[in-house]
Each structure stands twice: as structure tokens, then as C-alpha cells.
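Structure file data.pdb with PDB, C-alpha atoms, pLDDT in the B column:
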```pdb
ATOM      1  CA  MET O   1      88.941 104.560 107.657  1.00 91.00           C
ATOM      2  CA  LEU O   2      92.419 103.149 107.069  1.00 94.00           C
ATOM      3  CA  GLN O   3      95.803 104.129 108.471  1.00 94.00           C
ATOM      4  CA  SER O   4      98.863 104.851 106.353  1.00 91.00           C
ATOM      5  CA  LEU O   5     102.427 105.440 107.442  1.00 92.00           C
ATOM      6  CA  VAL O   6     105.821 105.788 105.825  1.00 89.00           C
ATOM      7  CA  TYR O   7     109.091 105.167 107.606  1.00 92.00           C
ATOM      8  CA  MET O   8     112.734 105.063 106.612  1.00 88.00           C
ATOM      9  CA  SER O   9     115.493 102.995 108.230  1.00 91.00           C
ATOM     10  CA  SER O  10     119.030 101.785 107.701  1.00 89.00           C
ATOM     11  CA  ALA O  11     119.917  98.112 107.582  1.00 88.00           C
ATOM     12  CA  THR O  12     122.291  96.991 110.337  1.00 90.00           C
ATOM     13  CA  GLU O  13     123.740  94.322 108.014  1.00 89.00           C
ATOM     14  CA  PRO O  14     123.941  94.079 104.221  1.00 87.00           C
ATOM     15  CA  PHE O  15     121.002  92.452 102.413  1.00 82.00           C
ATOM     16  CA  ASP O  16     121.718  90.517  99.233  1.00 82.00           C
ATOM     17  CA  GLU O  17     119.039  89.591  96.684  1.00 79.00           C
ATOM     18  CA  ALA O  18     118.249  86.292  98.417  1.00 83.00           C
ATOM     19  CA  ASP O  19     117.778  88.122 101.737  1.00 85.00           C
ATOM     20  CA  LEU O  20     115.526  90.707 100.087  1.00 80.00           C
ATOM     21  CA  GLU O  21     113.415  88.041  98.400  1.00 79.00           C
ATOM     22  CA  ALA O  22     113.033  86.304 101.797  1.00 85.00           C
ATOM     23  CA  VAL O  23     111.945  89.617 103.360  1.00 81.00           C
ATOM     24  CA  LEU O  24     109.428  90.107 100.538  1.00 79.00           C
ATOM     25  CA  ASP O  25     108.020  86.604 100.959  1.00 81.00           C
ATOM     26  CA  HIS O  26     107.692  86.918 104.743  1.00 84.00           C
ATOM     27  CA  ALA O  27     106.249  90.441 104.595  1.00 82.00           C
ATOM     28  CA  ARG O  28     103.678  89.533 101.946  1.00 80.00           C
ATOM     29  CA  THR O  29     102.486  86.512 103.920  1.00 85.00           C
ATOM     30  CA  ARG O  30     102.266  88.331 107.235  1.00 89.00           C
ATOM     31  CA  ASN O  31     100.888  91.578 105.870  1.00 86.00           C
ATOM     32  CA  THR O  32      98.243  89.825 103.776  1.00 86.00           C
ATOM     33  CA  ALA O  33      97.078  87.980 106.889  1.00 90.00           C
ATOM     34  CA  ASP O  34      96.935  91.305 108.774  1.00 92.00           C
ATOM     35  CA  GLY O  35      95.049  93.119 105.984  1.00 92.00           C
ATOM     36  CA  LEU O  36      98.027  95.347 105.147  1.00 91.00           C
ATOM     37  CA  THR O  37      99.189  96.537 101.759  1.00 86.00           C
ATOM     38  CA  GLY O  38     101.906  98.930 100.710  1.00 84.00           C
ATOM     39  CA  MET O  39     105.335  99.155  99.183  1.00 82.00           C
ATOM     40  CA  LEU O  40     108.764  98.299 100.566  1.00 82.00           C
ATOM     41  CA  VAL O  41     111.771  99.828  98.825  1.00 80.00           C
ATOM     42  CA  HIS O  42     115.420  98.926  99.488  1.00 80.00           C
ATOM     43  CA  ARG O  43     118.332 100.818  98.053  1.00 78.00           C
ATOM     44  CA  GLY O  44     121.940 101.099  99.164  1.00 79.00           C
ATOM     45  CA  GLY O  45     121.360  99.703 102.639  1.00 84.00           C
ATOM     46  CA  ARG O  46     118.281 101.792 103.371  1.00 84.00           C
ATOM     47  CA  PHE O  47     114.623 100.888 103.528  1.00 84.00           C
ATOM     48  CA  MET O  48     111.574 103.029 102.973  1.00 83.00           C
ATOM     49  CA  GLN O  49     108.201 101.440 103.485  1.00 86.00           C
ATOM     50  CA  LEU O  50     104.626 102.561 103.114  1.00 87.00           C
ATOM     51  CA  LEU O  51     102.161 100.503 105.153  1.00 91.00           C
ATOM     52  CA  GLU O  52      98.394 100.878 104.882  1.00 90.00           C
ATOM     53  CA  GLY O  53      95.477  99.064 106.420  1.00 94.00           C
ATOM     54  CA  PRO O  54      93.559  98.819 109.682  1.00 96.00           C
ATOM     55  CA  TYR O  55      94.999 101.148 112.332  1.00 96.00           C
ATOM     56  CA  ASP O  56      95.862  98.458 114.896  1.00 96.00           C
ATOM     57  CA  ALA O  57      97.565  96.247 112.298  1.00 95.00           C
ATOM     58  CA  VAL O  58      99.622  99.126 110.865  1.00 95.00           C
ATOM     59  CA  MET O  59     100.757 100.252 114.317  1.00 95.00           C
ATOM     60  CA  ALA O  60     101.568  96.699 115.484  1.00 95.00           C
ATOM     61  CA  THR O  61     103.654  96.092 112.352  1.00 93.00           C
ATOM     62  CA  TYR O  62     105.476  99.382 112.756  1.00 94.00           C
ATOM     63  CA  GLY O  63     106.169  98.476 116.403  1.00 94.00           C
ATOM     64  CA  ARG O  64     107.753  95.180 115.295  1.00 93.00           C
ATOM     65  CA  ILE O  65     109.896  97.036 112.751  1.00 91.00           C
ATOM     66  CA  VAL O  66     111.128  99.519 115.365  1.00 93.00           C
ATOM     67  CA  ALA O  67     112.095  96.589 117.633  1.00 94.00           C
ATOM     68  CA  ASP O  68     113.699  94.571 114.800  1.00 90.00           C
ATOM     69  CA  GLU O  69     117.486  94.492 115.218  1.00 92.00           C
ATOM     70  CA  ARG O  70     117.941  94.430 111.424  1.00 88.00           C
ATOM     71  CA  HIS O  71     116.734  98.074 111.355  1.00 87.00           C
ATOM     72  CA  ASP O  72     118.619 101.077 112.691  1.00 88.00           C
ATOM     73  CA  GLU O  73     117.683 104.753 112.691  1.00 89.00           C
ATOM     74  CA  VAL O  74     113.983 104.058 112.121  1.00 92.00           C
ATOM     75  CA  ARG O  75     112.257 107.365 111.367  1.00 90.00           C
ATOM     76  CA  LEU O  76     108.520 107.857 110.983  1.00 91.00           C
ATOM     77  CA  LEU O  77     108.052 110.237 108.050  1.00 88.00           C
ATOM     78  CA  VAL O  78     104.290 110.359 107.491  1.00 87.00           C
ATOM     79  CA  GLU O  79     101.299 109.010 109.381  1.00 91.00           C
ATOM     80  CA  GLU O  80      97.759 109.724 108.231  1.00 90.00           C
ATOM     81  CA  SER O  81      94.230 108.404 107.956  1.00 93.00           C
ATOM     82  CA  ILE O  82      93.148 107.501 104.425  1.00 90.00           C
ATOM     83  CA  HIS O  83      89.921 106.408 102.742  1.00 92.00           C
ATOM     84  CA  THR O  84      91.429 104.456  99.846  1.00 89.00           C
ATOM     85  CA  ARG O  85      94.536 102.312  99.591  1.00 88.00           C
ATOM     86  CA  ARG O  86      97.264 103.758  97.389  1.00 82.00           C
ATOM     87  CA  PHE O  87      99.040 100.415  96.993  1.00 78.00           C
ATOM     88  CA  PRO O  88      96.348  97.719  96.983  1.00 78.00           C
ATOM     89  CA  GLU O  89      98.861  95.133  95.739  1.00 74.00           C
ATOM     90  CA  TRP O  90     101.795  94.468  98.064  1.00 68.00           C
ATOM     91  CA  SER O  91     105.073  95.134  96.268  1.00 62.00           C
ATOM     92  CA  MET O  92     108.775  95.561  96.852  1.00 60.00           C
ATOM     93  CA  ALA O  93     111.441  97.331  94.848  1.00 59.00           C
ATOM     94  CA  TYR O  94     115.175  97.093  95.251  1.00 58.00           C
ATOM     95  CA  ASP O  95     118.290  97.650  93.181  1.00 54.00           C
ATOM     96  CA  ARG O  96     118.634  94.309  91.443  1.00 55.00           C
ATOM     97  CA  GLU O  97     122.072  92.919  90.704  1.00 54.00           C
ATOM     98  CA  SER O  98     120.864  90.275  88.256  1.00 53.00           C
ATOM     99  CA  ASP O  99     119.542  91.495  84.935  1.00 56.00           C
ATOM    100  CA  GLY O 100     117.658  88.938  82.900  1.00 57.00           C
ATOM    101  CA  VAL O 101     116.763  86.853  85.968  1.00 60.00           C
ATOM    102  CA  GLU O 102     113.100  86.110  86.574  1.00 65.00           C
ATOM    103  CA  VAL O 103     111.557  88.816  88.721  1.00 59.00           C
ATOM    104  CA  PRO O 104     110.068  87.464  91.970  1.00 61.00           C
ATOM    105  CA  GLU O 105     106.309  87.717  92.447  1.00 62.00           C
ATOM    106  CA  GLY O 106     105.420  90.997  94.120  1.00 59.00           C
ATOM    107  CA  PHE O 107     108.526  92.767  92.866  1.00 59.00           C
ATOM    108  CA  SER O 108     108.019  96.283  91.568  1.00 62.00           C
ATOM    109  CA  THR O 109     109.996  97.995  88.811  1.00 60.00           C
ATOM    110  CA  PHE O 110     109.593 101.267  90.728  1.00 60.00           C
ATOM    111  CA  LEU O 111     113.349 101.891  91.150  1.00 58.00           C
ATOM    112  CA  ASP O 112     114.178 101.057  87.544  1.00 60.00           C
ATOM    113  CA  GLN O 113     111.224 102.592  85.727  1.00 59.00           C
ATOM    114  CA  GLY O 114     109.849 105.159  88.140  1.00 61.00           C
ATOM    115  CA  ASP O 115     106.294 105.871  89.112  1.00 62.00           C
ATOM    116  CA  GLN O 116     103.680 106.617  86.485  1.00 64.00           C
ATOM    117  CA  SER O 117     100.959 107.429  89.023  1.00 65.00           C
ATOM    118  CA  ALA O 118      99.350 110.865  89.086  1.00 62.00           C
ATOM    119  CA  ASP O 119      99.045 110.561  92.893  1.00 66.00           C
ATOM    120  CA  GLN O 120     100.637 113.626  94.504  1.00 66.00           C
ATOM    121  CA  SER O 121     100.185 112.502  98.130  1.00 71.00           C
ATOM    122  CA  ARG O 122     102.980 112.966 100.658  1.00 70.00           C
ATOM    123  CA  PRO O 123     103.659 109.203 100.893  1.00 70.00           C
ATOM    124  CA  ARG O 124     103.917 108.827  97.114  1.00 68.00           C
ATOM    125  CA  GLU O 125     106.181 111.884  96.882  1.00 71.00           C
ATOM    126  CA  LEU O 126     108.450 110.437  99.603  1.00 69.00           C
ATOM    127  CA  LEU O 127     108.789 107.208  97.656  1.00 69.00           C
ATOM    128  CA  ARG O 128     109.648 109.194  94.529  1.00 68.00           C
ATOM    129  CA  TRP O 129     112.208 111.158  96.539  1.00 67.00           C
ATOM    130  CA  PHE O 130     113.750 107.913  97.811  1.00 65.00           C
ATOM    131  CA  ARG O 131     114.085 106.700  94.223  1.00 64.00           C
ATOM    132  CA  ASN O 132     115.597 109.912  92.862  1.00 64.00           C
ATOM    133  CA  HIS O 133     117.476 111.649  95.655  1.00 63.00           C
ATOM    134  CA  PRO O 134     121.162 110.831  96.086  1.00 51.00           C
ATOM    135  CA  MET O 135     120.972 111.254  99.856  1.00 51.00           C
ATOM    136  CA  ALA O 136     118.694 108.225 100.019  1.00 50.00           C
ATOM    137  CA  ASP O 137     121.842 106.225  99.257  1.00 50.00           C
ATOM    138  CA  PRO O 138     124.332 106.141 102.186  1.00 49.00           C
ATOM    139  CA  THR O 139     127.256 106.337  99.725  1.00 48.00           C
ATOM    140  CA  ALA O 140     126.057 109.823  98.761  1.00 44.00           C
ATOM    141  CA  ALA O 141     127.742 111.201 101.868  1.00 44.00           C
ATOM    142  CA  LYS O 142     131.044 110.082 100.326  1.00 41.00           C
ATOM    143  CA  GLY O 143     130.553 112.492  97.429  1.00 42.00           C
ATOM    144  CA  LYS O 144     129.309 109.894  94.962  1.00 41.00           C
ATOM    145  CA  HIS O 145     126.404 112.196  94.037  1.00 39.00           C
ATOM    146  CA  ARG O 146     128.604 115.124  93.117  1.00 39.00           C
ATOM    147  CA  ARG O 147     129.733 115.972  89.646  1.00 38.00           C
ATOM    148  CA  ASP O 148     133.353 115.413  88.834  1.00 40.00           C
ATOM    149  CA  ALA O 149     135.071 118.782  88.457  1.00 37.00           C
TER     150      ALA O 149
END
```
I'd like the structure from this file rewritten - as C-alpha cells, please.
Amino acid sequence: MLQSLVYMSSATEPFDEADLEAVLDHARTRNTADGLTGMLVHRGGRFMQLLEGPYDAVMATYGRIVADERHDEVRLLVEESIHTRRFPEWSMAYDRESDGVEVPEGFSTFLDQGDQSADQSRPRELLRWFRNHPMADPTAAKGKHRRDA
């Protein structure tokens, strides 16, 4: 039996592409060593991450995230036991500023192209919501998501 959880947080400081690539590199190395897989999504200063793997490793990683000063307003959205990994390949998606630049290894086109999976699980639906919902972007509170009258 494996553990899966999804959390959402706000970044305490802005992350540029170089910062996000460094996060991806560090997370992939550490999570691979801990037997974790999942998806990390960054958009507009917010993170949503799905972690899956052995219970102790998932909970220890989540504990480090909660204590990490780069995260604020960490909210656990879903926690469940699973039989099969939904994201067996570690990946990250974020709004890229540089079109035409080589995509880093482990980068997902999830934000640009969406999710073609038929998986209707709560974690997958939360990730889809994060991609599509204007309130996932902190600027939405400024009315950016509203139609011009």
C-alpha cells in the first residue's frame, strides 16, 4: 500500500525559471532516493504538489515542506492510501516565460497542454482545477479573471 497526498501553498518569495529548475532538480534527486513520485505545479506564486510513495517517506517530505520558509499557507487537500502510482515519473509544470527554450528534464506540459488522462481521482481533479481555475492564481483576487464589461 502506498500513500498519496496533495497540498497547496503560496511562495513567500518570487520564483523565476532558474529557481524553479533548481527546485525540480533537488526534488527529483531527493524524492527518487526516498521512493517518491508525483507532480509539482507552480503558477502565479502558488504551488500544488501531489506526492506518492511509502507512507513514512511521504509524511516526512510533507513535514519538511510545512517547515520550509519558502512556503506559506500550506494546506493539505487530499490524503489517501493507494495501490498504484498515478504519476510514476516525477514531473513539474510551471508557467514558462521562455518559449523555444529547451525544456528541462522532468518538465511537464501539463499547464500548457492540459491532462489527457482518464483518471477521475480527487488528486488528479485538483491538479486540473489548479490548471484551469482563476483563483489558483493570486492575481485573480484583483479581478484579472473577470470579463471586461
Worksheet item: Could you state the separation of atom CA of O:Leu2 and atom CA of O:His71 in Å, given to one decimal place?
Response: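 So the answer is 25.2 Å.
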Discussion item. Can you measure atom CA of O:Pro14 to atom CA of O:Glu52 for me? One decimal in Å is fine.
Written reply: 26.4 Å
Practice prompt. Please provide the set of residues having any atom within 12 Å of O:Glu13, restricted to all atoms listed in the file, with same-chain residues fewer than 4 positions apart removed, written as a ChimeraX atom specification.
Written response: /O:9,19-20,44-46,69-72
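One distance worth recording is that between atom CA of O:Arg30 and atom CA of O:Ala57, which is 10.5 Å.
Among O:Leu5, O:Ala11, O:Val78, O:Ala18, the residue with the shortest atom-to-atom distance to O:Tyr62, counting all atoms listed in the file, is O:Leu5.
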So that I can check the surroundings of stretch 80-87 of chain O, please list as a PDB file with C-alpha atoms, keeping the file's coordinate frame every protein, DNA and RNA residue that reaches within 9 Å of it, counting only C-alpha atoms and ignoring chain neighbours fewer than 5 positions away.
```pdb
ATOM      1  CA  MET O   1      88.941 104.560 107.657  1.00 91.00           C
ATOM      2  CA  LEU O   2      92.419 103.149 107.069  1.00 94.00           C
ATOM      3  CA  GLN O   3      95.803 104.129 108.471  1.00 94.00           C
ATOM      4  CA  SER O   4      98.863 104.851 106.353  1.00 91.00           C
ATOM      5  CA  LEU O   5     102.427 105.440 107.442  1.00 92.00           C
ATOM      6  CA  THR O  37      99.189  96.537 101.759  1.00 86.00           C
ATOM      7  CA  GLY O  38     101.906  98.930 100.710  1.00 84.00           C
ATOM      8  CA  MET O  39     105.335  99.155  99.183  1.00 82.00           C
ATOM      9  CA  LEU O  50     104.626 102.561 103.114  1.00 87.00           C
ATOM     10  CA  LEU O  51     102.161 100.503 105.153  1.00 91.00           C
ATOM     11  CA  GLU O  52      98.394 100.878 104.882  1.00 90.00           C
ATOM     12  CA  GLY O  53      95.477  99.064 106.420  1.00 94.00           C
ATOM     13  CA  TYR O  55      94.999 101.148 112.332  1.00 96.00           C
ATOM     14  CA  ASP O 119      99.045 110.561  92.893  1.00 66.00           C
ATOM     15  CA  ARG O 124     103.917 108.827  97.114  1.00 68.00           C
TER      16      ARG O 124
END
```
Discussion item. Counting all atoms listed in the file, which residue out of O:Glu79, O:Asp16, O:Glu73, O:Asp25 sits closest to O:Val58?
Written reply: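 Using all atoms listed in the file, the shortest distance to O:Val58 belongs to O:Glu79.
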Give, as lines of an AutoDock Vina configuration file, the centre coordinates and the x, y and z edge lengths in Å to one decimal for an axis-aligned box around all listed atoms of stretch 19-23 of chain O, padded by 8 Å on each side.
```
center_x = 114.9
center_y = 88.5
center_z = 100.9
size_x = 21.8
size_y = 20.4
size_z = 21.0
```
Worksheet item: With distances taken over all atoms listed in the file, which of O:Arg64, O:Val6, O:Pro54, O:Phe47 is nearest to O:Thr32?
Response: O:Pro54
Can you put N, CA, C and O atoms back into stretch 17-35 of chain O and show it as an mmCIF file, keeping the file's coordinate frame?
```cif
data_model
loop_
_atom_site.group_PDB
_atom_site.id
_atom_site.type_symbol
_atom_site.label_atom_id
_atom_site.label_comp_id
_atom_site.auth_asym_id
_atom_site.auth_seq_id
_atom_site.Cartn_x
_atom_site.Cartn_y
_atom_site.Cartn_z
ATOM 1 N N GLU O 17 120.329 89.842 97.347
ATOM 2 C CA GLU O 17 119.039 89.591 96.684
ATOM 3 C C GLU O 17 118.258 88.465 97.346
ATOM 4 O O GLU O 17 117.045 88.548 97.470
ATOM 5 N N ALA O 18 118.947 87.409 97.759
ATOM 6 C CA ALA O 18 118.249 86.292 98.417
ATOM 7 C C ALA O 18 117.612 86.758 99.724
ATOM 8 O O ALA O 18 116.471 86.387 100.043
ATOM 9 N N ASP O 19 118.331 87.583 100.493
ATOM 10 C CA ASP O 19 117.778 88.122 101.737
ATOM 11 C C ASP O 19 116.554 88.981 101.450
ATOM 12 O O ASP O 19 115.546 88.904 102.156
ATOM 13 N N LEU O 20 116.642 89.824 100.417
ATOM 14 C CA LEU O 20 115.526 90.707 100.087
ATOM 15 C C LEU O 20 114.311 89.924 99.600
ATOM 16 O O LEU O 20 113.174 90.260 99.947
ATOM 17 N N GLU O 21 114.538 88.873 98.836
ATOM 18 C CA GLU O 21 113.415 88.041 98.400
ATOM 19 C C GLU O 21 112.770 87.342 99.586
ATOM 20 O O GLU O 21 111.546 87.201 99.639
ATOM 21 N N ALA O 22 113.581 86.925 100.585
ATOM 22 C CA ALA O 22 113.033 86.304 101.797
ATOM 23 C C ALA O 22 112.217 87.317 102.594
ATOM 24 O O ALA O 22 111.140 86.987 103.115
ATOM 25 N N VAL O 23 112.697 88.560 102.676
ATOM 26 C CA VAL O 23 111.945 89.617 103.360
ATOM 27 C C VAL O 23 110.614 89.837 102.650
ATOM 28 O O VAL O 23 109.560 89.941 103.286
ATOM 29 N N LEU O 24 110.644 89.915 101.325
ATOM 30 C CA LEU O 24 109.428 90.107 100.538
ATOM 31 C C LEU O 24 108.440 88.976 100.791
ATOM 32 O O LEU O 24 107.261 89.227 101.054
ATOM 33 N N ASP O 25 108.903 87.752 100.759
ATOM 34 C CA ASP O 25 108.020 86.604 100.959
ATOM 35 C C ASP O 25 107.389 86.632 102.353
ATOM 36 O O ASP O 25 106.176 86.464 102.497
ATOM 37 N N HIS O 26 108.208 86.869 103.371
ATOM 38 C CA HIS O 26 107.692 86.918 104.743
ATOM 39 C C HIS O 26 106.718 88.080 104.929
ATOM 40 O O HIS O 26 105.643 87.915 105.507
ATOM 41 N N ALA O 27 107.096 89.256 104.421
ATOM 42 C CA ALA O 27 106.249 90.441 104.595
ATOM 43 C C ALA O 27 104.913 90.267 103.883
ATOM 44 O O ALA O 27 103.862 90.615 104.433
ATOM 45 N N ARG O 28 104.941 89.728 102.688
ATOM 46 C CA ARG O 28 103.678 89.533 101.946
ATOM 47 C C ARG O 28 102.751 88.582 102.685
ATOM 48 O O ARG O 28 101.558 88.832 102.799
ATOM 49 N N THR O 29 103.304 87.492 103.199
ATOM 50 C CA THR O 29 102.486 86.512 103.920
ATOM 51 C C THR O 29 101.887 87.132 105.178
ATOM 52 O O THR O 29 100.679 87.059 105.412
ATOM 53 N N ARG O 30 102.735 87.752 105.969
ATOM 54 C CA ARG O 30 102.266 88.331 107.235
ATOM 55 C C ARG O 30 101.326 89.506 106.995
ATOM 56 O O ARG O 30 100.285 89.624 107.631
ATOM 57 N N ASN O 31 101.697 90.391 106.095
ATOM 58 C CA ASN O 31 100.888 91.578 105.870
ATOM 59 C C ASN O 31 99.545 91.242 105.233
ATOM 60 O O ASN O 31 98.535 91.874 105.547
ATOM 61 N N THR O 32 99.513 90.254 104.357
ATOM 62 C CA THR O 32 98.243 89.825 103.776
ATOM 63 C C THR O 32 97.322 89.304 104.868
ATOM 64 O O THR O 32 96.141 89.644 104.912
ATOM 65 N N ALA O 33 97.876 88.514 105.782
ATOM 66 C CA ALA O 33 97.078 87.980 106.889
ATOM 67 C C ALA O 33 96.556 89.092 107.791
ATOM 68 O O ALA O 33 95.467 88.984 108.358
ATOM 69 N N ASP O 34 97.325 90.179 107.916
ATOM 70 C CA ASP O 34 96.935 91.305 108.774
ATOM 71 C C ASP O 34 96.113 92.359 108.041
ATOM 72 O O ASP O 34 95.772 93.388 108.620
ATOM 73 N N GLY O 35 95.829 92.149 106.747
ATOM 74 C CA GLY O 35 95.049 93.119 105.984
ATOM 75 C C GLY O 35 95.842 94.347 105.580
ATOM 76 O O GLY O 35 95.270 95.404 105.319
#
```
